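Shown next: structure03.cif, containing mmCIF, C-alpha atoms and all ligand atoms.
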data_structure
loop_
_atom_site.label_atom_id
_atom_site.label_comp_id
_atom_site.auth_asym_id
_atom_site.auth_seq_id
_atom_site.Cartn_x
_atom_site.Cartn_y
_atom_site.Cartn_z
CA MET A 423 0.00 0.00 0.00
CA ALA A 424 1.35 3.39 -0.96
CA ASN A 425 1.69 5.89 1.83
CA SER A 426 0.03 9.07 0.47
CA LEU A 427 -0.22 12.57 1.88
CA LEU A 428 -2.33 15.38 0.44
CA ILE A 429 -1.05 18.84 1.36
CA THR A 430 -3.59 21.62 0.68
CA GLY A 431 -4.20 25.26 1.52
CA ALA A 432 -0.94 26.98 0.46
CA SER A 433 -2.00 30.58 -0.32
CA GLN A 434 1.16 30.72 -2.45
CA LEU A 435 2.90 27.51 -3.45
CA LEU A 436 6.32 28.42 -4.84
CA THR A 437 7.03 25.50 -7.14
CA LEU A 438 10.28 26.77 -8.73
CA ARG A 439 9.30 24.47 -11.62
CA GLY A 440 11.11 24.52 -14.91
CA ARG A 441 14.63 24.65 -16.13
CA ALA A 442 17.51 24.24 -13.67
CA PRO A 443 19.82 25.96 -12.97
CA ARG A 444 18.47 29.52 -13.22
CA ARG A 445 20.42 32.37 -14.76
CA GLY A 446 19.64 36.05 -15.28
CA LYS A 447 15.97 36.99 -15.44
CA ALA A 448 14.89 33.37 -14.97
CA LEU A 449 16.20 33.52 -11.40
CA SER A 450 13.13 35.41 -10.25
CA ASN A 451 10.64 33.01 -11.81
CA LEU A 452 9.17 31.16 -8.83
CA GLY A 453 6.32 29.32 -10.60
CA ILE A 454 3.75 30.43 -8.01
CA VAL A 455 0.47 28.53 -7.72
CA LYS A 456 -2.31 30.23 -5.74
CA ASP A 457 -4.30 27.93 -3.44
CA GLY A 458 -1.67 25.31 -4.14
CA ALA A 459 -1.62 21.63 -3.21
CA VAL A 460 0.87 18.77 -3.36
CA LEU A 461 0.18 15.04 -3.37
CA VAL A 462 2.99 12.92 -1.96
CA ARG A 463 3.46 9.20 -2.49
CA ASN A 464 6.12 7.40 -0.45
CA GLY A 465 8.03 10.63 0.12
CA VAL A 466 8.01 11.65 -3.54
CA ILE A 467 5.81 14.28 -5.20
CA ALA A 468 3.04 12.59 -7.22
CA ALA A 469 1.07 15.71 -8.20
CA VAL A 470 1.37 19.50 -7.81
CA GLY A 471 -1.10 22.22 -8.76
CA THR A 472 -4.14 24.05 -7.48
CA ARG A 473 -6.25 22.42 -4.79
CA ALA A 474 -8.90 21.54 -7.41
CA GLN A 475 -6.36 19.96 -9.75
CA VAL A 476 -4.63 17.89 -7.11
CA GLU A 477 -7.85 16.81 -5.35
CA ALA A 478 -9.01 15.40 -8.71
CA HIS A 479 -6.06 12.96 -8.71
CA PRO A 480 -7.30 9.38 -8.14
CA GLU A 481 -5.00 8.89 -5.13
CA ALA A 482 -6.03 12.11 -3.39
CA ARG A 483 -9.18 10.65 -1.86
CA GLY A 484 -7.51 7.97 0.24
CA ALA A 485 -4.54 10.13 1.27
CA GLU A 486 -3.82 11.43 4.72
CA ARG A 487 -4.44 15.22 4.74
CA LEU A 488 -2.38 18.18 5.85
CA GLU A 489 -4.12 21.57 5.59
CA LEU A 490 -1.78 24.58 5.61
CA GLY A 491 -4.52 27.14 6.27
CA GLY A 492 -3.30 29.80 3.82
CA ARG A 493 0.40 29.77 4.63
CA VAL A 494 3.20 30.06 2.05
CA ALA A 495 4.95 26.83 1.01
CA LEU A 496 8.14 26.36 -1.00
CA PRO A 497 10.86 23.73 -1.55
CA GLY A 498 12.91 23.13 1.58
CA PHE A 499 16.09 25.22 1.55
CA VAL A 500 19.24 23.52 0.30
CA ASP A 501 22.17 24.89 2.31
CA SER A 502 25.06 24.14 -0.03
CA HIS A 503 27.93 25.41 2.17
CA THR A 504 28.30 24.63 5.89
CA HIS A 505 31.04 23.63 8.30
CA LEU A 506 28.60 21.53 10.33
CA ILE A 507 31.02 19.73 12.63
CA HIS A 508 32.88 21.97 15.06
CA ALA A 509 33.37 21.77 18.79
CA ALA A 510 32.49 25.22 20.09
CA SER A 511 31.93 28.87 19.27
CA ARG A 512 34.74 31.43 18.97
CA ALA A 513 32.98 34.08 21.03
CA GLU A 514 36.36 35.14 22.46
CA GLU A 515 37.38 36.27 18.94
CA TYR A 516 34.10 38.11 18.47
CA ASP A 517 35.11 40.40 21.33
CA LEU A 518 38.55 40.98 19.76
CA ARG A 519 37.05 41.77 16.37
CA ILE A 520 34.59 44.24 17.83
CA ALA A 521 37.56 45.91 19.53
CA GLY A 522 39.16 46.35 16.08
CA ALA A 523 41.26 43.25 15.29
CA SER A 524 40.67 41.84 11.79
CA TYR A 525 39.83 38.21 10.99
CA GLU A 526 43.29 37.75 9.42
CA GLU A 527 45.16 39.36 12.33
CA ILE A 528 43.46 36.99 14.74
CA ALA A 529 44.29 34.04 12.47
CA ARG A 530 47.96 35.08 12.24
CA LYS A 531 48.19 35.02 16.03
CA GLY A 532 47.04 31.39 16.10
CA GLY A 533 43.35 32.08 16.48
CA GLY A 534 40.89 31.59 13.66
CA ILE A 535 40.59 28.16 12.08
CA LEU A 536 43.50 26.78 14.15
CA ASN A 537 41.64 27.77 17.31
CA SER A 538 38.71 25.63 16.16
CA VAL A 539 41.11 22.80 15.21
CA LYS A 540 42.49 22.74 18.75
CA LYS A 541 38.98 22.61 20.18
CA LEU A 542 37.87 19.88 17.80
CA ARG A 543 40.86 17.62 18.43
CA ALA A 544 40.15 17.85 22.16
CA ALA A 545 36.45 17.01 21.77
CA THR A 546 34.96 13.52 21.86
CA ALA A 547 33.09 12.22 18.83
CA GLU A 548 29.99 11.99 21.01
CA ALA A 549 30.16 15.67 22.01
CA LEU A 550 30.68 16.72 18.39
CA LYS A 551 27.76 14.61 17.33
CA GLN A 552 25.42 16.04 19.96
CA ARG A 553 26.32 19.58 18.93
CA ALA A 554 25.70 18.72 15.26
CA HIS A 555 22.35 17.09 16.09
CA ALA A 556 21.26 20.26 17.86
CA ALA A 557 22.37 22.35 14.87
CA LEU A 558 20.52 20.09 12.43
CA ARG A 559 17.31 20.48 14.46
CA GLN A 560 17.78 24.25 14.15
CA PHE A 561 18.41 24.00 10.41
CA ALA A 562 15.11 22.12 10.10
CA ALA A 563 13.32 24.67 12.29
CA ASN A 564 14.40 27.36 9.81
CA GLY A 565 13.12 25.53 6.75
CA THR A 566 16.29 23.76 5.58
CA THR A 567 15.96 20.14 4.43
CA THR A 568 19.40 19.46 2.87
CA VAL A 569 22.78 20.47 4.26
CA GLU A 570 26.21 20.21 2.68
CA ALA A 571 28.80 19.59 5.43
CA LYS A 572 32.56 20.14 5.19
CA SER A 573 35.30 18.62 7.27
CA GLY A 574 38.27 20.91 7.91
CA TYR A 575 38.62 21.49 11.63
CA GLY A 576 40.59 18.26 12.12
CA LEU A 577 43.56 18.71 9.77
CA ASP A 578 45.17 15.40 10.64
CA ILE A 579 44.28 11.99 9.33
CA ALA A 580 42.43 10.71 12.38
CA SER A 581 40.50 13.91 13.07
CA GLU A 582 39.44 14.47 9.47
CA LEU A 583 38.24 10.86 9.21
CA LYS A 584 36.42 11.31 12.53
CA ILE A 585 34.49 14.30 11.12
CA LEU A 586 33.62 12.56 7.86
CA GLY A 587 32.53 9.47 9.81
CA LEU A 588 30.21 11.70 11.83
CA HIS A 589 28.64 13.03 8.62
CA ARG A 590 27.76 9.45 7.78
CA GLU A 591 26.41 8.60 11.24
CA LEU A 592 24.35 11.78 11.36
CA GLN A 593 22.84 10.89 8.01
CA GLN A 594 21.55 7.68 9.53
CA GLU A 595 20.32 9.21 12.78
CA GLN A 596 18.26 12.21 11.69
CA PRO A 597 16.07 13.19 8.71
CA LEU A 598 18.00 15.96 6.91
CA GLU A 599 20.08 14.93 3.92
CA ILE A 600 23.78 15.57 4.46
CA VAL A 601 26.11 15.99 1.49
CA SER A 602 29.67 15.35 2.64
CA THR A 603 32.67 17.41 1.49
CA PHE A 604 36.33 16.83 2.34
CA LEU A 605 38.06 20.11 3.27
CA GLY A 606 41.39 18.82 4.58
CA ALA A 607 42.92 21.83 2.80
CA HIS A 608 41.27 24.39 5.07
CA VAL A 609 44.53 25.85 6.43
CA VAL A 610 48.01 24.44 7.05
CA PRO A 611 47.93 22.72 10.46
CA ARG A 612 50.24 23.91 13.22
CA GLU A 613 52.51 20.80 12.96
CA TYR A 614 53.41 21.75 9.36
CA ARG A 615 54.09 25.44 9.98
CA GLY A 616 57.48 27.12 10.32
CA LYS A 617 59.22 24.63 7.97
CA ALA A 618 60.47 25.42 4.47
CA ARG A 619 58.14 23.03 2.65
CA GLY A 620 55.58 22.60 5.40
CA ALA A 621 52.52 23.62 3.41
CA ASP A 622 53.57 21.57 0.37
CA ASP A 623 54.28 18.55 2.55
CA TYR A 624 50.80 18.81 4.02
CA VAL A 625 49.32 19.10 0.52
CA GLU A 626 51.20 15.91 -0.47
CA LEU A 627 49.83 14.13 2.61
CA LEU A 628 46.34 15.09 1.50
CA ALA A 629 46.88 14.20 -2.15
CA THR A 630 48.67 10.88 -1.67
CA ARG A 631 47.23 9.48 1.57
CA LEU A 632 44.15 11.13 2.97
CA ILE A 633 42.19 11.76 -0.23
CA PRO A 634 42.62 8.15 -1.48
CA GLN A 635 41.51 6.84 1.93
CA VAL A 636 38.48 9.16 2.08
CA ALA A 637 37.52 7.99 -1.41
CA ARG A 638 38.07 4.29 -0.61
CA GLU A 639 35.79 4.57 2.38
CA GLY A 640 33.21 6.57 0.41
CA LEU A 641 33.24 9.34 3.00
CA ALA A 642 32.94 12.42 0.77
CA GLU A 643 31.35 13.31 -2.53
CA TYR A 644 33.15 16.65 -2.93
CA CYS A 645 36.64 17.97 -2.31
CA ASP A 646 37.05 21.63 -1.29
CA VAL A 647 40.06 23.92 -0.74
CA PHE A 648 40.27 27.28 1.04
CA CYS A 649 42.31 28.96 -1.71
CA ASP A 650 43.04 32.39 -0.33
CA ARG A 651 45.62 34.64 1.29
CA GLY A 652 46.86 32.92 4.44
CA ALA A 653 45.49 29.53 3.37
CA PHE A 654 46.42 27.63 0.14
CA SER A 655 47.77 28.95 -3.18
CA VAL A 656 46.19 28.28 -6.56
CA LYS A 657 48.97 25.78 -7.31
CA GLN A 658 48.37 23.89 -4.07
CA ALA A 659 44.60 24.00 -4.61
CA ARG A 660 45.06 22.55 -8.10
CA ARG A 661 47.12 19.67 -6.67
CA VAL A 662 44.51 18.84 -4.03
CA LEU A 663 41.51 19.15 -6.32
CA THR A 664 43.03 17.12 -9.15
CA ALA A 665 43.94 14.38 -6.65
CA GLY A 666 40.35 14.51 -5.40
CA ARG A 667 38.96 14.32 -8.91
CA ALA A 668 41.20 11.33 -9.73
CA CYS A 669 39.56 9.58 -6.76
CA GLY A 670 36.04 10.50 -7.90
CA MET A 671 35.44 13.59 -5.76
CA THR A 672 34.07 16.66 -7.56
CA PRO A 673 35.91 19.92 -6.80
CA ARG A 674 34.48 23.00 -5.12
CA LEU A 675 36.38 26.01 -3.81
CA HIS A 676 36.45 28.75 -1.20
CA ALA A 677 37.48 31.61 -3.50
CA GLU A 678 38.41 35.30 -3.32
CA GLN A 679 37.09 35.94 0.20
CA LEU A 680 40.09 37.77 1.67
CA ALA A 681 42.04 38.59 -1.49
CA ARG A 682 41.81 37.95 -5.23
CA THR A 683 44.06 34.97 -5.88
CA GLY A 684 42.78 33.53 -9.15
CA ALA A 685 40.84 30.78 -7.39
CA THR A 686 37.71 31.51 -9.43
CA GLN A 687 39.56 30.95 -12.71
CA LEU A 688 40.84 27.66 -11.30
CA ALA A 689 37.32 26.65 -10.31
CA VAL A 690 36.05 27.32 -13.82
CA GLU A 691 39.02 25.54 -15.42
CA LEU A 692 38.46 22.44 -13.26
CA HIS A 693 34.68 22.50 -13.82
CA ALA A 694 34.16 22.83 -10.08
CA ALA A 695 30.60 22.39 -8.85
CA SER A 696 30.77 25.77 -7.14
CA CYS A 697 33.08 28.50 -6.01
CA ASP A 698 32.00 30.24 -2.88
CA HIS A 699 32.42 33.67 -1.16
CA LEU A 700 33.62 35.78 -4.17
CA GLU A 701 33.71 39.13 -2.34
CA LYS A 702 36.96 40.06 -4.13
CA ILE A 703 36.26 38.85 -7.68
CA ASN A 704 36.87 41.10 -10.68
CA ARG A 705 35.03 41.54 -13.97
CA ALA A 706 37.02 38.84 -15.76
CA ASP A 707 36.07 36.38 -13.01
CA ILE A 708 32.41 37.34 -13.34
CA ARG A 709 32.59 36.79 -17.11
CA ALA A 710 34.29 33.42 -16.65
CA LEU A 711 31.64 32.29 -14.17
CA ALA A 712 28.86 33.49 -16.46
CA LYS A 713 30.15 31.29 -19.29
CA SER A 714 30.55 28.26 -17.03
CA ASN A 715 28.38 25.80 -15.14
CA THR A 716 30.27 26.49 -11.90
CA VAL A 717 27.85 27.93 -9.37
CA ALA A 718 28.74 31.29 -7.79
CA THR A 719 27.72 30.78 -4.18
CA LEU A 720 27.40 33.94 -2.12
CA LEU A 721 27.71 33.86 1.66
CA PRO A 722 26.49 37.20 3.02
CA GLY A 723 26.41 35.87 6.60
CA CYS A 724 30.24 36.17 6.64
CA CYS A 725 30.27 39.86 5.72
CA PHE A 726 27.53 40.56 8.23
CA HIS A 727 29.20 38.69 11.09
CA LEU A 728 32.64 40.14 10.33
CA GLY A 729 31.11 43.62 10.13
CA LEU A 730 32.37 44.21 6.58
CA GLU A 731 30.83 46.75 4.25
CA HIS A 732 31.64 45.01 0.99
CA TYR A 733 29.42 42.08 0.03
CA GLY A 734 29.73 39.76 -2.98
CA PRO A 735 28.62 41.35 -6.30
CA ALA A 736 25.28 39.58 -6.63
CA ARG A 737 23.74 41.98 -9.15
CA GLU A 738 26.72 41.88 -11.49
CA LEU A 739 26.84 38.08 -11.32
CA ILE A 740 23.12 37.72 -12.00
CA GLU A 741 23.13 40.25 -14.80
CA ALA A 742 26.16 38.63 -16.44
CA GLY A 743 24.31 35.28 -16.42
CA ALA A 744 26.19 33.37 -13.73
CA ILE A 745 24.39 30.68 -11.72
CA VAL A 746 24.02 32.32 -8.32
CA ALA A 747 23.31 30.38 -5.12
CA LEU A 748 23.10 31.47 -1.47
CA ALA A 749 24.24 29.52 1.59
CA THR A 750 24.76 30.14 5.31
CA ASP A 751 28.45 29.05 5.54
CA TYR A 752 27.46 27.96 9.07
CA ASN A 753 30.81 27.98 10.95
CA PRO A 754 32.19 29.32 14.24
CA GLY A 755 34.61 31.84 12.73
CA THR A 756 32.82 33.89 10.11
CA SER A 757 29.15 32.92 10.00
CA PRO A 758 27.61 31.38 13.10
CA THR A 759 24.08 31.15 11.73
CA LEU A 760 22.02 28.27 10.46
CA SER A 761 19.12 30.46 9.36
CA MET A 762 18.60 30.56 5.61
CA PRO A 763 15.80 33.16 6.05
CA MET A 764 18.38 35.47 7.68
CA ILE A 765 20.68 34.89 4.70
CA LEU A 766 17.80 35.83 2.38
CA SER A 767 17.27 39.06 4.36
CA LEU A 768 20.96 39.93 3.98
CA ALA A 769 20.93 39.04 0.29
CA CYS A 770 18.02 41.41 -0.29
CA THR A 771 19.13 44.40 1.77
CA GLN A 772 22.92 44.16 1.37
CA MET A 773 23.31 42.66 -2.10
CA ARG A 774 20.13 43.98 -3.72
CA MET A 775 18.78 40.59 -4.72
CA THR A 776 15.00 40.52 -4.97
CA PRO A 777 13.15 38.17 -2.59
CA GLY A 778 12.30 35.97 -5.57
CA GLU A 779 15.93 35.77 -6.73
CA ALA A 780 17.10 35.01 -3.21
CA ILE A 781 14.59 32.17 -2.82
CA ALA A 782 15.60 30.59 -6.14
CA ALA A 783 19.27 30.94 -5.17
CA ALA A 784 18.61 29.08 -1.90
CA THR A 785 16.56 26.27 -3.46
CA ILE A 786 16.88 25.25 -7.10
CA ASN A 787 20.31 26.77 -7.78
CA ALA A 788 21.65 25.47 -4.48
CA ALA A 789 20.36 22.00 -5.38
CA TYR A 790 22.25 22.31 -8.68
CA ALA A 791 25.40 23.31 -6.77
CA LEU A 792 25.17 19.94 -5.00
CA GLY A 793 24.31 17.97 -8.15
CA ARG A 794 20.83 17.30 -6.71
CA GLN A 795 18.71 19.29 -9.19
CA LYS A 796 16.90 16.13 -10.32
CA GLN A 797 15.76 15.29 -6.79
CA LEU A 798 15.63 18.60 -4.91
CA GLY A 799 15.12 22.34 -5.15
CA SER A 800 11.68 22.54 -6.76
CA LEU A 801 8.20 21.09 -6.23
CA GLU A 802 7.70 18.94 -9.31
CA VAL A 803 6.43 15.43 -9.93
CA GLY A 804 9.15 12.87 -9.21
CA LYS A 805 11.17 15.06 -6.85
CA LEU A 806 11.41 14.52 -3.11
CA ALA A 807 8.58 16.05 -1.09
CA ASP A 808 10.81 18.45 0.83
CA LEU A 809 8.88 21.58 1.83
CA ALA A 810 9.22 24.58 4.08
CA VAL A 811 6.00 26.26 5.22
CA PHE A 812 6.14 29.87 6.39
CA GLU A 813 3.60 31.66 8.56
CA VAL A 814 3.37 34.62 6.23
CA ALA A 815 0.81 35.82 3.69
CA ASP A 816 3.25 36.67 0.89
CA TYR A 817 6.58 35.03 0.01
CA ARG A 818 8.37 38.40 0.15
CA GLU A 819 7.72 38.43 3.88
CA ILE A 820 10.19 35.55 4.29
CA PRO A 821 13.21 37.89 3.92
CA TYR A 822 11.24 40.99 4.97
CA TYR A 823 10.98 39.83 8.59
CA PHE A 824 14.41 39.36 10.13
CA GLY A 825 15.65 38.23 13.50
CA VAL A 826 12.46 36.23 13.96
CA ASN A 827 11.76 32.77 12.63
CA THR A 828 8.55 32.66 10.61
CA CYS A 829 9.01 29.02 9.54
CA GLY A 830 5.97 27.12 10.80
CA MET A 831 6.61 23.64 9.44
CA THR A 832 9.28 21.67 7.62
CA ILE A 833 8.61 18.50 5.67
CA LYS A 834 11.31 16.05 4.52
CA ARG A 835 10.39 13.23 2.15
CA GLY A 836 6.72 13.77 2.98
CA LYS A 837 7.21 13.61 6.77
CA VAL A 838 6.75 16.57 9.10
CA ILE A 839 10.15 16.95 10.76
CA TYR A 840 9.48 20.30 12.41
CA SER A 841 6.24 21.93 13.46
CA ARG A 842 6.18 25.19 15.37
CA ALA A 843 2.83 24.24 16.89
CA GLU A 844 4.41 21.14 18.44
CA ALA A 845 7.64 22.93 19.34
CA CYS A 846 5.65 25.57 21.25
CA ALA A 847 3.17 23.16 22.86
O1 LIG B 1 34.00 29.79 4.87
N1 LIG B 1 37.03 30.78 4.76
C1 LIG B 1 37.25 29.68 5.20
N2 LIG B 1 36.46 28.94 5.94
C2 LIG B 1 35.38 29.51 6.69
C3 LIG B 1 35.86 30.19 7.92
C4 LIG B 1 36.27 29.21 8.88
C5 LIG B 1 36.64 29.75 10.24
O2 LIG B 1 37.02 30.92 10.40
O3 LIG B 1 36.53 28.92 11.14
C6 LIG B 1 34.53 30.37 5.80
O4 LIG B 1 34.36 31.58 6.00
FE FE B 2 33.19 28.15 4.34
#

Could I get this structure in the form of structure tokens?
Ligand code: NIG
Ligand code: FE
Amino acid sequence: MANSLLITGASQLLTLRGRAPRRGKALSNLGIVKDGAVLVRNGVIAAVGTRAQVEAHPEARGAERLELGGRVALPGFVDSHTHLIHAASRAEEYDLRIAGASYEEIARKGGGILNSVKKLRAATAEALKQRAHAALRQFAANGTTTVEAKSGYGLDIASELKILGLHRELQQEQPLEIVSTFLGAHVVPREYRGKARGADDYVELLATRLIPQVAREGLAEYCDVFCDRGAFSVKQARRVLTAGRACGMTPRLHAEQLARTGATQLAVELHAASCDHLEKINRADIRALAKSNTVATLLPGCCFHLGLEHYGPARELIEAGAIVALATDYNPGTSPTLSMPMILSLACTQMRMTPGEAIAAATINAAYALGRQKQLGSLEVGKLADLAVFEVADYREIPYYFGVNTCGMTIKRGKVIYSRAEACA
């Protein structure tokens, strides 16, 4: 017997149907259905349309019913860039930054990513897992149904494998989908610093030992590098990403956050799935992205948290025809948020994206950035029934309200995984 669910009463159902990924003007096409309904069979969408259309489906009659009472429903957010597993906050650095120290100054003094590495190595797997479970519940409470997760706070063989192993365990223990990325090349670990070839030796360890092992154990689908000033050079990034690709891992990159290094050109050359941050890109980089299928993922939470005035050039990227996505970059150093609605608010006010563009960038284009555009990111027959339901009357109110969570319900594969009514009861 099929397990069917009939969802009705969406005042606006944002289907995001149609061609994926979205570029240029198509980014704001949300495919809105008024008085929308969705029929779900075994976790997969069997019909989408108006209430009248979907209720006429032969399976609708026997289905369990979920009435949304006029709320706005859309595909669950796909958060395509997070550093899910970390041991603790870096609130001590927040104080320093507010007092005037820059992110890079703090990192040079041994804070920054290395501070989080020290904390992670000292933490038990169980403590890391509990923290990640709590974060994943918060992601769900904010309408996110799929989360990419990067390693990168271990930076030695055992600790990196521990993080990637946790991605796998978490996948089995909770409902959100986790897409695992290996980011052993986050920064050069302390043990390799202060030696002539320290960074290159670490890169060789990654390329010849750790990446093959990660691939053998099937622990990561993507390989990422923080290619920036103070982290890894373009040459080192190329070595890591080509080793990853040879083992079946698709490249993605942290690019041009702190300085323009040429990382975006490398991403395009290697057909990376995405290159992320992009605050410092130039016109040639924008043109290269526009001609490519590499997603330009903007992370405005970083600029906000670091108190920077200059955000990624969203308008120029969209107008040039690049595939733009948005993500939280959830991490303890630059973006301690797991709220995609907050990211949408920042995208609208700070980067001048329209609410419609921001929503498409956080759903269908983000799904494309993770190679999941056939299963996720829009509400269409055959895709997973992943939905976020917001307690608003108009979809523009999702970014319009900020600092409050208006998500009322989150559905993953046709199952309610978060309900504000229950959370508040
Ligand atoms: O995406 N830029 C590199 N990685 C993170 C920051 C990590 C940290 O500071 O802990 C980012 O912003
Ligand atoms: Fe990041």

All residues having an atom within 10 Å of ligand LIG 1 (chain B) (only C-alpha atoms and all ligand atoms) as a VMD selection string: chain A and resid 503 to 505 508 511 to 512 525 to 526 528 to 529 533 to 539 572 574 to 575 605 607 to 609 647 to 650 653 675 to 680 698 to 699 721 723 to 725 728 750 to 758

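The residue that comes closest to Arg445 in chain A, out of A:Glu643, A:Asp707, A:Glu741, A:Glu570 and on the basis of all atoms listed in the file, is A:Glu741.
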
Min atom-atom distance to ligand FE 2 (chain B) from the set A:Glu639, A:Glu701, A:Asp816, A:Asp646, counting only C-alpha atoms and all ligand atoms, belongs to A:Asp646

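Checking A:Gly576, A:Gly836, A:Pro611, A:Pro497 one by one against Leu438 in chain A, counting all atoms listed in the file, you find the shortest gap at A:Pro497.
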
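Taking CA of Tyr790 in chain A and CA of Tyr823 in chain A as endpoints, the distance between them is 27.1 Å.
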
- Task: Tell me which protein, DNA and RNA residues are within 8 Å of Ser714 in chain A, counting all atoms listed in the file, leaving out same-chain ones fewer than 5 positions away, and put them as an MDAnalysis selection string.
- Result: chainID A and resid 690 693 744

Could those residues be written to a file, using C-alpha atoms, as a PDB file, in the frame of the given file?
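That gives us again31.pdb:
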ATOM      1  CA  VAL A 690      36.050  27.320 -13.820  1.00  0.00           C
ATOM      2  CA  HIS A 693      34.680  22.500 -13.820  1.00  0.00           C
ATOM      3  CA  ALA A 744      26.190  33.370 -13.730  1.00  0.00           C
TER       4      ALA A 744
END

The distance between CA of His555 in chain A and CA of Met831 in chain A is 18.3 Å

Check your understanding: Within 8 Å of range 459-462 of chain A, counting only C-alpha atoms, which residues qualify if same-chain residues fewer than 6 places away don't, as number ranges by chain?
Key -> A: 426-432, 435, 468-473, 476, 482, 807, 836

Nearest to ligand FE 2 (chain B), restricted to all atoms listed in the file and choosing among A:Ala815, A:Ala442, A:Ala749, A:Ala563, comes out as A:Ala749

Correct to one decimal, the distance CA of Lys657 in chain A-CA of Arg612 in chain A is 20.7 Å

request  = Name the residues in contact with Tyr840 in chain A at a cut-off of 12 Å, using only C-alpha atoms, excluding same-chain residues fewer than 2 positions from it; report them as a ChimeraX atom specification.
outcome  = /A:498,558-567,596-598,808-812,829-834,836-838,842-846

Around all of range 720-728 of chain A's listed atoms, make the axis-aligned box with 3 Å on each side and tell me centre and edge lengths in Å to one decimal, as AutoDock Vina command-line options.
--center_x 29.5 --center_y 37.2 --center_z 4.5 --size_x 12.2 --size_y 12.7 --size_z 19.2

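When all atoms listed in the file are used to compute distances to ligand FE 2 (chain B), the closest of the residues A:Gly492, A:Pro722, A:Lys713, A:Pro480 turns out to be A:Pro722.
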
Would you list the contacts of Ser450 in chain A as a PyMOL selection string, taking every protein, DNA or RNA residue within 9 Å and counting only C-alpha atoms, but skipping same-chain residues closer than 3 positions in sequence? chain A and resi 444+446-447+776-782

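In this comparison, which uses only C-alpha atoms, the residue of A:Ser433, A:Ser502, A:Asn425, A:Ser602 approaching Val814 in chain A most closely is A:Ser433.
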
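Every protein, DNA or RNA residue with an atom at most 8 Å from Cys697 in chain A, where all atoms listed in the file count and chain neighbours fewer than 4 positions away do not, is listed here: Arg674, Leu675, His676, Ala677, Thr686, Ala689, Thr716, Val717, Ala718 and Thr719 of chain A.
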